[in-house]
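Heads up, model24.txt below (compact mmCIF, C-alpha atoms and all ligand atoms):
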```txt
# COMPACT_ATOMS: atom_id res chain seq x y z
CA MET I 170 -12.64 16.74 12.43
CA PRO I 171 -8.83 17.18 12.38
CA THR I 172 -7.32 15.57 9.29
CA ILE I 173 -3.69 14.52 9.28
CA VAL I 174 -2.24 13.73 5.89
CA ILE I 175 0.94 11.64 5.79
CA LEU I 176 2.94 11.45 2.57
CA GLY I 177 5.09 8.32 2.09
CA GLY I 178 4.19 4.78 3.10
CA ALA I 179 7.53 3.47 4.33
CA TYR I 180 8.99 3.17 7.85
CA VAL I 181 8.37 6.76 8.95
CA GLY I 182 4.95 7.30 7.37
CA VAL I 183 3.56 3.96 8.53
CA ARG I 184 4.92 4.40 12.05
CA VAL I 185 3.46 7.92 12.43
CA ALA I 186 0.08 6.69 11.13
CA HIS I 187 -0.06 3.78 13.60
CA SER I 188 1.09 5.93 16.53
CA LEU I 189 -1.60 8.55 15.88
CA LEU I 190 -4.30 5.93 15.38
CA LYS I 191 -3.31 4.01 18.51
CA THR I 192 -2.97 6.96 20.87
CA THR I 193 -4.21 10.33 19.59
CA ALA I 194 -7.36 8.90 17.96
CA LYS I 195 -8.50 7.75 21.42
CA THR I 196 -8.56 11.27 22.82
CA VAL I 197 -9.01 13.58 19.81
CA LYS I 198 -12.57 13.28 18.52
CA ASP I 199 -13.07 12.32 14.86
CA LEU I 200 -9.36 12.28 14.03
CA LYS I 201 -8.79 11.19 10.44
CA ILE I 202 -5.50 9.92 9.05
CA ILE I 203 -4.91 9.88 5.29
CA LEU I 204 -1.77 8.01 4.21
CA VAL I 205 -0.61 8.70 0.66
CA SER I 206 1.90 6.27 -0.80
CA LYS I 207 3.20 5.66 -4.31
CA ASN I 208 3.88 2.09 -3.26
CA SER I 209 0.83 0.02 -2.24
CA HIS I 210 3.14 -2.24 -0.21
CA PHE I 211 5.21 -1.80 2.92
CA TYR I 212 8.70 -2.67 1.69
CA TRP I 213 11.55 -3.80 3.95
CA ASN I 214 14.19 -2.21 1.74
CA MET I 215 16.97 -2.96 4.25
CA ALA I 216 16.86 -6.56 2.96
CA SER I 217 17.06 -5.47 -0.69
CA VAL I 218 20.74 -6.47 -1.01
CA ARG I 219 19.81 -10.07 -0.08
CA LEU I 220 16.42 -10.39 -1.76
CA VAL I 221 18.04 -9.76 -5.17
CA ILE I 222 19.93 -13.04 -4.75
CA PRO I 223 17.58 -15.59 -6.35
CA GLY I 224 15.92 -17.93 -3.85
CA GLN I 225 17.07 -16.12 -0.69
CA LEU I 226 13.83 -14.46 0.47
CA LYS I 227 10.17 -14.93 -0.33
CA GLU I 228 8.16 -11.88 -1.37
CA GLU I 229 5.97 -11.98 1.77
CA GLN I 230 9.13 -11.67 3.89
CA TYR I 231 9.94 -8.23 2.48
CA ALA I 232 6.75 -6.70 1.06
CA VAL I 233 3.16 -6.72 2.33
CA PRO I 234 0.12 -4.63 1.34
CA ILE I 235 -0.02 -1.48 3.51
CA ALA I 236 -3.84 -1.66 3.67
CA LYS I 237 -3.77 -4.98 5.53
CA GLY I 238 -1.77 -3.48 8.39
CA PHE I 239 -4.51 -0.88 8.98
CA GLU I 240 -7.60 -3.12 8.77
CA GLN I 241 -7.88 -3.06 12.57
CA TYR I 242 -8.88 0.64 12.70
CA PRO I 243 -12.40 2.04 12.14
CA ALA I 244 -12.88 2.76 8.42
CA GLU I 245 -13.76 6.41 9.09
CA SER I 246 -10.45 7.09 10.88
CA PHE I 247 -8.02 5.82 8.23
CA GLN I 248 -7.72 6.10 4.46
CA LEU I 249 -4.92 4.85 2.24
CA ILE I 250 -4.49 6.59 -1.09
CA VAL I 251 -2.11 4.82 -3.46
CA GLY I 252 -0.85 7.76 -5.45
CA SER I 253 1.91 10.29 -5.81
CA ALA I 254 2.12 13.67 -4.07
CA GLU I 255 2.74 16.18 -6.86
CA GLY I 256 2.31 19.57 -5.20
CA LEU I 257 1.95 21.30 -1.86
CA ASP I 258 0.29 24.63 -1.07
CA THR I 259 1.08 25.51 2.54
CA ASP I 260 -1.13 28.66 2.48
CA ALA I 261 -4.23 26.80 1.28
CA LYS I 262 -3.13 23.74 3.33
CA THR I 263 -3.68 21.36 0.44
CA VAL I 264 -1.67 18.62 -1.25
CA SER I 265 -2.26 17.61 -4.85
CA VAL I 266 -2.09 13.87 -5.35
CA LYS I 267 -2.02 11.95 -8.61
CA VAL I 268 -3.95 8.69 -8.56
CA GLY I 269 -3.64 6.95 -11.92
CA ASP I 270 -4.23 9.77 -14.42
CA ALA I 271 -6.45 11.83 -12.14
CA GLU I 272 -5.22 14.60 -9.86
CA GLN I 273 -7.02 15.38 -6.60
CA SER I 274 -6.58 18.02 -3.95
CA ILE I 275 -6.54 16.93 -0.30
CA SER I 276 -6.90 19.38 2.59
CA TYR I 277 -5.01 18.88 5.83
CA ASP I 278 -4.88 20.29 9.33
CA HIS I 279 -1.44 18.76 9.86
CA LEU I 280 0.82 17.34 7.18
CA VAL I 281 3.69 14.86 7.61
CA LEU I 282 6.35 14.66 4.90
CA ALA I 283 7.83 11.13 4.91
CA THR I 284 8.62 10.60 1.24
CA GLY I 285 12.24 9.63 1.90
CA SER I 286 14.87 9.45 -0.78
CA ARG I 287 15.78 7.32 -3.79
CA TYR I 288 18.82 6.10 -5.70
CA VAL I 289 19.38 8.03 -8.93
CA ASP I 290 19.44 4.82 -10.97
CA SER I 291 15.82 3.69 -11.16
CA ASN I 292 16.78 0.12 -12.25
CA VAL I 293 17.76 -0.98 -8.74
CA PRO I 294 15.47 -1.88 -5.82
CA TRP I 295 17.46 -0.45 -2.89
CA LYS I 296 14.51 1.89 -2.26
CA ALA I 297 10.89 1.85 -3.44
CA ASN I 298 10.76 4.60 -6.03
CA GLY I 299 7.45 4.04 -7.74
CA THR I 300 4.48 1.70 -7.71
CA TYR I 301 4.71 -1.79 -6.23
CA GLU I 302 4.34 -3.32 -9.68
CA GLU I 303 7.39 -1.34 -10.86
CA LEU I 304 9.38 -2.37 -7.79
CA ALA I 305 8.46 -6.07 -8.19
CA ALA I 306 9.49 -5.94 -11.87
CA THR I 307 12.83 -4.32 -10.95
CA ILE I 308 13.51 -6.98 -8.30
CA LYS I 309 12.73 -9.80 -10.75
CA ASN I 310 14.92 -8.24 -13.42
CA VAL I 311 17.91 -7.81 -11.08
CA GLN I 312 17.50 -11.38 -9.74
CA GLU I 313 17.52 -12.80 -13.27
CA ARG I 314 20.51 -10.74 -14.34
CA ILE I 315 22.50 -11.68 -11.21
CA ALA I 316 21.77 -15.38 -11.87
CA GLU I 317 23.04 -15.11 -15.46
CA ALA I 318 26.04 -12.79 -15.05
CA LYS I 319 29.59 -14.09 -14.65
CA GLU I 320 31.23 -10.69 -14.09
CA ILE I 321 29.40 -8.18 -11.92
CA VAL I 322 30.50 -4.64 -11.15
CA VAL I 323 28.92 -2.87 -8.17
CA ALA I 324 29.49 0.89 -8.22
CA GLY I 325 29.27 2.87 -5.01
CA ALA I 326 31.09 1.61 -1.91
CA GLY I 327 28.86 2.99 0.84
CA ALA I 328 26.99 0.54 3.10
CA THR I 329 24.60 -0.51 0.31
CA GLY I 330 27.38 -1.28 -2.21
CA ILE I 331 29.46 -3.10 0.41
CA GLU I 332 26.49 -5.22 1.50
CA LEU I 333 25.45 -5.98 -2.07
CA ALA I 334 28.94 -7.03 -3.19
CA GLY I 335 29.23 -9.18 -0.04
CA GLU I 336 25.88 -10.89 -0.62
CA ILE I 337 26.70 -11.78 -4.24
CA ALA I 338 30.20 -13.01 -3.42
CA PHE I 339 28.95 -15.01 -0.41
CA GLU I 340 26.32 -16.76 -2.53
CA TYR I 341 28.39 -17.51 -5.63
CA GLY I 342 32.02 -17.62 -4.46
CA LYS I 343 34.43 -18.17 -7.37
CA GLU I 344 31.53 -18.80 -9.79
CA LYS I 345 31.23 -15.05 -10.40
CA LYS I 346 33.75 -12.23 -10.36
CA VAL I 347 32.49 -9.36 -8.22
CA THR I 348 34.20 -5.94 -8.41
CA LEU I 349 33.32 -3.08 -6.09
CA LEU I 350 34.11 0.44 -7.30
CA SER I 351 34.70 3.22 -4.81
CA GLY I 352 34.86 6.84 -5.98
CA ASP I 353 36.95 7.70 -2.93
CA SER I 354 40.37 6.46 -1.88
CA GLN I 355 38.72 4.24 0.77
CA ILE I 356 35.43 2.34 0.85
CA PHE I 357 32.65 3.13 3.40
CA GLY I 358 33.34 6.84 2.99
CA GLY I 359 36.64 6.43 4.85
CA ASP I 360 34.86 5.40 8.08
CA SER I 361 37.10 4.07 10.88
CA VAL I 362 35.86 0.54 10.05
CA ALA I 363 36.51 0.94 6.29
CA SER I 364 39.63 -1.21 6.28
CA SER I 365 37.82 -3.99 8.22
CA ALA I 366 35.04 -3.89 5.61
CA ALA I 367 37.62 -4.11 2.81
CA ASN I 368 39.29 -7.10 4.50
CA GLU I 369 35.97 -8.92 4.94
CA LEU I 370 35.08 -8.35 1.28
CA LYS I 371 38.49 -9.55 0.11
CA LYS I 372 38.03 -12.75 2.14
CA LEU I 373 34.89 -13.37 0.07
CA GLY I 374 36.86 -12.77 -3.13
CA VAL I 375 35.49 -9.30 -3.97
CA VAL I 376 37.92 -7.19 -6.02
CA ILE I 377 37.95 -3.60 -4.71
CA LYS I 378 38.96 -0.68 -6.90
CA THR I 379 39.32 2.61 -5.05
CA SER I 380 39.53 6.12 -6.57
CA ALA I 381 37.45 4.61 -9.35
CA ARG I 382 34.61 7.07 -9.90
CA VAL I 383 32.22 6.14 -12.71
CA ALA I 384 31.95 8.72 -15.51
CA ASN I 385 29.39 6.87 -17.63
CA THR I 386 28.21 3.45 -18.74
CA THR I 387 27.31 2.15 -22.20
CA THR I 388 25.64 -1.07 -23.28
CA LEU I 389 27.78 -2.70 -25.96
CA ALA I 390 25.65 -3.58 -28.99
CA ASP I 391 27.58 -6.74 -29.99
CA SER I 392 27.87 -8.50 -26.61
CA GLY I 393 25.14 -6.85 -24.52
CA LYS I 394 27.80 -6.26 -21.83
CA THR I 395 28.12 -2.93 -20.02
CA GLU I 396 31.20 -0.80 -20.58
CA ILE I 397 32.03 1.30 -17.54
CA ALA I 398 34.15 4.38 -18.16
CA LEU I 399 35.89 5.73 -15.07
CA GLU I 400 36.77 9.38 -14.55
CA ASN I 401 40.47 8.39 -14.49
CA GLY I 402 40.16 7.20 -18.12
CA GLU I 403 40.13 3.49 -17.35
CA LYS I 404 37.43 1.29 -18.91
CA LEU I 405 35.94 -1.93 -17.53
CA THR I 406 33.35 -4.30 -18.93
CA ALA I 407 30.85 -6.42 -17.03
CA ASP I 408 27.93 -8.72 -17.74
CA LEU I 409 26.04 -6.78 -15.09
CA PHE I 410 26.53 -3.29 -13.71
CA LEU I 411 24.68 -2.51 -10.48
CA SER I 412 24.65 1.04 -9.22
CA ALA I 413 24.54 1.81 -5.52
CA MET I 414 25.57 5.43 -6.09
CA GLY I 415 23.81 8.72 -5.62
CA VAL I 416 20.89 9.28 -3.27
CA VAL I 417 18.45 12.17 -3.81
CA PRO I 418 15.48 13.30 -1.70
CA ASN I 419 11.92 12.72 -2.92
CA SER I 420 11.09 16.39 -2.45
CA GLU I 421 10.18 17.61 -5.95
CA TYR I 422 6.58 18.34 -4.88
CA ILE I 423 7.68 20.51 -1.93
CA PRO I 424 8.01 24.31 -2.36
CA ALA I 425 11.68 25.34 -2.63
CA LYS I 426 11.36 27.71 0.36
CA LEU I 427 11.00 24.65 2.64
CA LEU I 428 14.13 22.92 1.33
CA ASN I 429 17.84 23.38 1.92
CA ALA I 430 20.46 23.71 -0.84
CA LYS I 431 20.57 19.92 -1.29
CA LYS I 432 16.74 19.78 -1.57
CA PHE I 433 16.20 18.08 1.80
CA VAL I 434 13.45 19.44 4.06
CA GLU I 435 14.51 21.89 6.78
CA VAL I 436 13.10 21.16 10.24
CA ASP I 437 13.55 22.52 13.76
CA GLU I 438 14.39 20.32 16.77
CA THR I 439 10.71 19.30 17.11
CA TYR I 440 10.78 18.15 13.44
CA ARG I 441 8.34 20.87 12.47
CA VAL I 442 9.14 22.19 9.00
CA THR I 443 10.81 25.57 9.08
CA GLY I 444 8.53 28.13 7.47
CA ALA I 445 5.31 26.11 7.34
CA ALA I 446 2.91 25.96 10.23
CA ASP I 447 1.41 22.51 10.78
CA VAL I 448 3.85 20.71 8.48
CA TRP I 449 6.21 18.12 9.93
CA ALA I 450 8.88 15.96 8.35
CA ALA I 451 11.10 13.02 9.32
CA GLY I 452 13.31 10.29 7.92
CA ASP I 453 15.35 10.35 4.75
CA VAL I 454 13.55 13.37 3.26
CA VAL I 455 15.13 15.31 6.14
CA ALA I 456 18.33 13.23 6.46
CA LYS I 457 19.33 15.02 9.66
CA PRO I 458 21.66 14.17 11.34
CA LYS I 459 22.03 11.17 8.99
CA ALA I 460 19.63 9.21 6.77
CA THR I 461 19.15 5.99 8.73
CA PHE I 462 16.23 3.83 9.72
CA VAL I 463 17.26 4.23 13.37
CA ASN I 464 17.09 8.04 13.20
CA GLY I 465 13.87 8.03 11.19
CA ASP I 466 12.27 5.69 13.70
CA LEU I 467 13.10 7.93 16.66
CA GLN I 468 11.98 11.00 14.71
CA ALA I 469 8.67 9.37 13.72
CA THR I 470 7.95 8.42 17.35
CA GLY I 471 8.70 11.94 18.60
CA LEU I 472 6.87 13.61 15.75
CA ALA I 473 3.64 11.66 16.39
CA LYS I 474 3.86 12.70 20.07
CA ASN I 475 4.38 16.31 19.02
CA ILE I 476 1.31 16.33 16.78
CA ASP I 477 -0.61 14.84 19.70
CA LEU I 478 0.64 17.67 21.96
CA VAL I 479 -0.22 20.38 19.45
CA LEU I 480 -3.72 18.99 18.89
CA LYS I 481 -4.21 19.27 22.66
CA GLY I 482 -3.03 22.89 22.69
CA LYS I 483 0.41 22.06 24.13
CA THR I 484 3.94 22.92 22.99
CA PRO I 485 5.87 20.33 20.96
CA ALA I 486 9.10 18.98 22.46
CA ALA I 487 12.60 18.68 21.02
CA ILE I 488 13.17 15.15 19.72
CA SER I 489 16.17 13.29 21.16
CA LEU I 490 18.11 11.02 18.86
CA MET I 491 20.89 8.50 19.52
CA PRO I 492 23.64 10.11 21.61
CA PHE I 493 26.30 8.59 19.33
CA ASP I 494 26.68 7.77 15.66
CA VAL I 495 26.31 4.15 14.53
CA ALA I 496 27.73 2.68 11.32
CA ALA I 497 27.31 -0.97 10.38
CA ALA I 498 27.35 -3.14 7.28
CA SER I 499 26.76 -6.84 6.89
CA VAL I 500 29.34 -8.56 4.71
CA GLY I 501 27.94 -11.78 3.34
CA ARG I 502 25.42 -13.84 5.27
CA ASN I 503 27.51 -14.54 8.35
CA ARG I 504 29.81 -11.61 9.03
CA GLY I 505 29.78 -7.83 9.35
CA VAL I 506 31.64 -4.70 10.38
CA GLY I 507 30.54 -1.75 12.46
CA ARG I 508 30.96 0.62 15.35
CA MET I 509 28.89 2.39 17.97
CA GLY I 510 30.37 5.83 18.40
CA VAL I 511 34.09 5.14 18.45
CA VAL I 512 33.68 1.61 19.81
CA LYS I 513 34.33 -1.01 17.18
CA LEU I 514 31.88 -3.93 17.06
CA PHE I 515 32.96 -7.54 16.64
CA SER I 516 31.83 -9.23 13.45
CA PHE I 517 29.47 -11.58 15.32
CA MET I 518 27.75 -8.59 16.97
CA VAL I 519 26.98 -6.99 13.60
CA TYR I 520 25.85 -10.40 12.36
CA GLN I 521 23.44 -10.77 15.31
CA MET I 522 22.17 -7.16 15.15
CA LYS I 523 21.85 -6.92 11.41
CA GLY I 524 23.32 -9.42 8.99
CA LYS I 525 21.59 -12.57 10.26
CA THR I 526 18.14 -11.47 9.06
CA LEU I 527 18.56 -7.86 7.86
CA GLY I 528 15.68 -7.09 10.22
CA ILE I 529 12.93 -8.88 8.30
CA GLN I 530 11.57 -10.50 11.48
CA LYS I 531 10.59 -6.98 12.59
CA MET I 532 8.49 -6.29 9.51
CA PRO I 533 5.13 -7.70 10.74
CA GLY I 534 5.25 -5.56 13.91
CA TYR I 535 6.00 -2.42 11.90
CA HIS I 536 3.43 -3.21 9.27
CA ASN I 537 0.50 -3.75 11.64
CA GLY I 538 1.76 -1.41 14.37
CA SER I 539 1.95 -4.10 17.07
CA SER I 540 5.59 -3.11 17.77
CA PHE I 541 4.66 0.44 18.73
C1 LIG D 601 20.20 -1.51 1.32
C2 LIG D 601 19.94 -0.61 2.48
C3 LIG D 601 20.14 -1.07 3.77
C4 LIG D 601 19.89 -0.24 4.87
N1 LIG D 601 20.13 -0.71 6.12
C5 LIG D 601 19.95 0.09 7.17
C6 LIG D 601 20.23 -0.37 8.50
O1 LIG D 601 20.63 -1.51 8.70
N2 LIG D 601 20.04 0.48 9.53
C7 LIG D 601 19.58 1.75 9.35
O2 LIG D 601 19.44 2.49 10.34
N3 LIG D 601 19.30 2.23 8.11
C8 LIG D 601 19.47 1.43 7.03
N4 LIG D 601 19.17 1.90 5.76
C9 LIG D 601 18.57 3.23 5.60
C10 LIG D 601 17.03 3.13 5.63
O3 LIG D 601 16.59 2.27 4.60
C11 LIG D 601 16.38 4.51 5.45
O4 LIG D 601 16.87 5.38 6.42
C12 LIG D 601 14.87 4.40 5.52
O5 LIG D 601 14.40 3.69 4.40
C13 LIG D 601 14.19 5.76 5.54
O6 LIG D 601 12.81 5.58 5.65
P1 LIG D 601 11.76 6.70 5.22
O7 LIG D 601 10.43 6.21 5.75
O8 LIG D 601 12.24 8.03 5.62
O9 LIG D 601 11.73 6.74 3.63
P2 LIG D 601 11.99 5.76 2.43
O10 LIG D 601 12.35 4.39 2.91
O11 LIG D 601 12.91 6.46 1.51
O12 LIG D 601 10.56 5.64 1.75
C14 LIG D 601 9.84 6.72 1.25
C15 LIG D 601 8.48 6.25 0.76
O13 LIG D 601 7.77 7.37 0.20
C16 LIG D 601 7.26 7.02 -1.07
N5 LIG D 601 7.20 8.25 -1.90
C17 LIG D 601 8.23 8.90 -2.47
N6 LIG D 601 7.80 9.99 -3.12
C18 LIG D 601 6.47 10.03 -2.95
C19 LIG D 601 5.45 10.92 -3.38
N7 LIG D 601 5.73 12.01 -4.12
N8 LIG D 601 4.17 10.65 -3.04
C20 LIG D 601 3.86 9.55 -2.28
N9 LIG D 601 4.78 8.67 -1.84
C21 LIG D 601 6.07 8.91 -2.17
C22 LIG D 601 8.25 6.00 -1.61
O14 LIG D 601 7.64 5.21 -2.61
C23 LIG D 601 8.56 5.21 -0.34
O15 LIG D 601 7.59 4.22 -0.12
C24 LIG D 601 19.43 1.09 4.65
C25 LIG D 601 19.24 1.56 3.35
C26 LIG D 601 19.49 0.73 2.27
C27 LIG D 601 19.30 1.26 0.88
```
Give the structure from this file in structure tokens form.
Ligand SMILES: Cc1cc2nc3c(=O)[nH]c(=O)nc-3n(C[C@H](O)[C@H](O)[C@H](O)COP(=O)(O)OP(=O)(O)OC[C@H]3O[C@@H](n4cnc5c(N)ncnc54)[C@H](O)[C@@H]3O)c2cc1C
Amino acid sequence: MPTIVILGGAYVGVRVAHSLLKTTAKTVKDLKIILVSKNSHFYWNMASVRLVIPGQLKEEQYAVPIAKGFEQYPAESFQLIVGSAEGLDTDAKTVSVKVGDAEQSISYDHLVLATGSRYVDSNVPWKANGTYEELAATIKNVQERIAEAKEIVVAGAGATGIELAGEIAFEYGKEKKVTLLSGDSQIFGGDSVASSAANELKKLGVVIKTSARVANTTTLADSGKTEIALENGEKLTADLFLSAMGVVPNSEYIPAKLLNAKKFVEVDETYRVTGAADVWAAGDVVAKPKATFVNGDLQATGLAKNIDLVLKGKTPAAISLMPFDVAAASVGRNRGVGRMGVVKLFSFMVYQMKGKTLGIQKMPGYHNGSSF
């Protein structure tokens, strides 16, 4: 009875689980998939910048119980464990998982690491960092604070910060002052479409401060406002400070010998983990060549095929990714900026591809596997 344990119940983990259950389980006798996820829900985090605007999206449009998406499979072939992976022993081929206060050891034949990454500030819902209850409370808190605040500072001018500032400014216009802080001299990491993104944000009234790296923030006792100290000595105050800075891999439970200097998992071109037989990894916990949904999706598809090959005694294949780099950001609810390789995209193209819905119409097909 081969057991495949998948850690992480987001895009990559859920896709690998469905792919194995839909294809490999038909030919490999008694295959069992165990999906371990901190979050009991499948969360469409790519819509997080819009769902924090009160009234924009209903909960069922961005989060659905993972278990429901797997009801179609025989009970003996799939198990969901809502818990946190805390340790990995690649010699014993076991993972220790914390469920509530209890720790249990799970044995695997193959293991898939899909625990992604998180933002360092745990008070923002750009990623699911903990339980669903914690995520739902964070979303509610940010929605309420956005509704109340008159002056909002968004720190971190990568795609998430740009999209967030754009969503708030689009919704509230002159009602609220929105400032976007960029640590670098240009937003969007100096991408070739950075100046287009800055122009779109300015049209919505967003104030952009570049070379404005945050040193620390303090809550002021008298007013409850946040004071933001910049590394250049300047100080700002805001009713609400939202961080979109700093992404770290969820790899604390993984032995250091399997990680690179930045604590991401090292894989070969088949997405097999370097130095651990029968361990595979994909998505943001690998972040190679870049941490995007698009890359993770292609990796998850290839990785499931590779496990299928290995279970049938065959050699895994190198996984092909997009032949060019894509960068895109929605700016408000009806415009966007982006490029495919070096080719710049028109605003309406980014709107159609991304900004119109932020992909939420795809969620049901990912959740129940009907898209794969
Ligand atoms: C606002 C925003 C918009 C984005 N838009 C786009 C876009 O338009 N296009 C695009 O290509 N990319 C986009 N991305 C990037 C995309 O979200 C990520 O690449 C994607 O989420 C990676 O998926 P993943 O499955 O690897 O992991 P993650 O989404 O990081 O999820 C990891 C999962 O593992 C769980 N987990 C973590 N640690 C443990 C543990 N120890 N035990 C058990 N479970 C654990 C987490 O709770 C989580 O559910 C966007 C990102 C953000 C923040």
For this session: Tell me which protein, DNA and RNA residues are within 12 Å of Ala283 (chain I), counting only C-alpha atoms, leaving out same-chain ones fewer than 2 positions away, and put them as an MDAnalysis selection string.
Result: chainID I and resid 174:186 204:207 254 280:281 285:286 418:420 423 433:434 440 442 448:456 465:466 468:469 472
Exercise. Using all atoms listed in the file, which residue out of I:Asn208, I:Thr329, I:Asp447, I:Arg314 lies closest to Thr263 (chain I)?
Worked result: I:Asp447
For this session: Would you mind telling me which residue in I:Ala324, I:Ala390, I:Leu226, I:Val479 lies nearest to Val293 (chain I) when using only C-alpha atoms?
Result: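 The closest residue to Val293 (chain I) is I:Ala324.
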Exercise. With all atoms listed in the file as the atoms that count, which of I:Val347, I:Ala398, I:Leu405, I:Val495 lies nearest to Leu333 (chain I)?
Worked result: I:Val347
Problem set entry | Coordinates-based distance that separates CA of Ser354 (chain I) from CA of Lys513 (chain I) (Å, one decimal) |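 Computing the Euclidean distance for CA of Lys513 (chain I) and CA of Ser354 (chain I) yields 21.3 Å.
What separates CA of Thr300 (chain I) from CA of Ala430 (chain I) is a distance of 28.1 Å.
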Centre, edges in Å (one decimal): axis-aligned box, region 374-380 of chain I, 6 Å padding on all six sides, as AutoDock Vina command-line options:
```
--center_x 37.5 --center_y -3.3 --center_z -5.0 --size_x 16.0 --size_y 30.9 --size_z 15.8
```
For this session: For CA of Thr307 (chain I) and CA of Asn214 (chain I), determine how far apart the two atoms are, in Å to one decimal place.
Result: 12.9 Å
Exercise. Which protein, DNA or RNA residues have an atom at most 7 Å from (16.4, -5.0, -8.4), counting all atoms listed in the file? List them as a PyMOL selection string.
Worked result: chain I and resi 221+292-294+307-312
For this session: For Leu389 (chain I), please output as a ChimeraX atom specification all residues within 12 Å (counting only C-alpha atoms; exclusion window: fewer than 5 positions along the same chain).
Result: /I:394-397,405-409
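Among I:Ala497, I:Ala305, I:Met522, I:Ala271, the residue with the shortest atom-to-atom distance to Gly327 (chain I), counting all atoms listed in the file, is I:Ala497.
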Could N, CA and C atoms be built for region 322-337 of chain I and written out as a compact mmCIF listing (two decimals), in the coordinates of the input?
```txt
# COMPACT_ATOMS: atom_id res chain seq x y z
N VAL I 322 29.86 -5.81 -11.75
CA VAL I 322 30.50 -4.64 -11.15
C VAL I 322 29.45 -3.89 -10.33
N VAL I 323 29.78 -3.66 -9.05
CA VAL I 323 28.92 -2.87 -8.17
C VAL I 323 29.61 -1.52 -8.02
N ALA I 324 28.88 -0.44 -8.33
CA ALA I 324 29.49 0.89 -8.22
C ALA I 324 28.88 1.63 -7.05
N GLY I 325 29.74 2.18 -6.21
CA GLY I 325 29.27 2.87 -5.01
C GLY I 325 29.60 2.02 -3.81
N ALA I 326 30.59 2.45 -3.01
CA ALA I 326 31.09 1.61 -1.91
C ALA I 326 30.68 2.14 -0.54
N GLY I 327 29.45 2.69 -0.46
CA GLY I 327 28.86 2.99 0.84
C GLY I 327 28.30 1.68 1.39
N ALA I 328 27.50 1.77 2.46
CA ALA I 328 26.99 0.54 3.10
C ALA I 328 26.22 -0.33 2.10
N THR I 329 25.40 0.29 1.24
CA THR I 329 24.60 -0.51 0.31
C THR I 329 25.49 -1.28 -0.67
N GLY I 330 26.48 -0.62 -1.26
CA GLY I 330 27.38 -1.28 -2.21
C GLY I 330 28.19 -2.38 -1.55
N ILE I 331 28.67 -2.10 -0.33
CA ILE I 331 29.46 -3.10 0.41
C ILE I 331 28.59 -4.33 0.67
N GLU I 332 27.37 -4.09 1.17
CA GLU I 332 26.49 -5.22 1.50
C GLU I 332 26.12 -6.01 0.25
N LEU I 333 25.85 -5.30 -0.83
CA LEU I 333 25.45 -5.98 -2.07
C LEU I 333 26.59 -6.85 -2.61
N ALA I 334 27.79 -6.27 -2.70
CA ALA I 334 28.94 -7.03 -3.19
C ALA I 334 29.17 -8.26 -2.30
N GLY I 335 29.04 -8.07 -0.99
CA GLY I 335 29.23 -9.18 -0.04
C GLY I 335 28.19 -10.28 -0.24
N GLU I 336 26.94 -9.89 -0.43
CA GLU I 336 25.88 -10.89 -0.62
C GLU I 336 26.12 -11.72 -1.88
N ILE I 337 26.51 -11.05 -2.97
CA ILE I 337 26.70 -11.78 -4.24
C ILE I 337 27.90 -12.73 -4.11
```
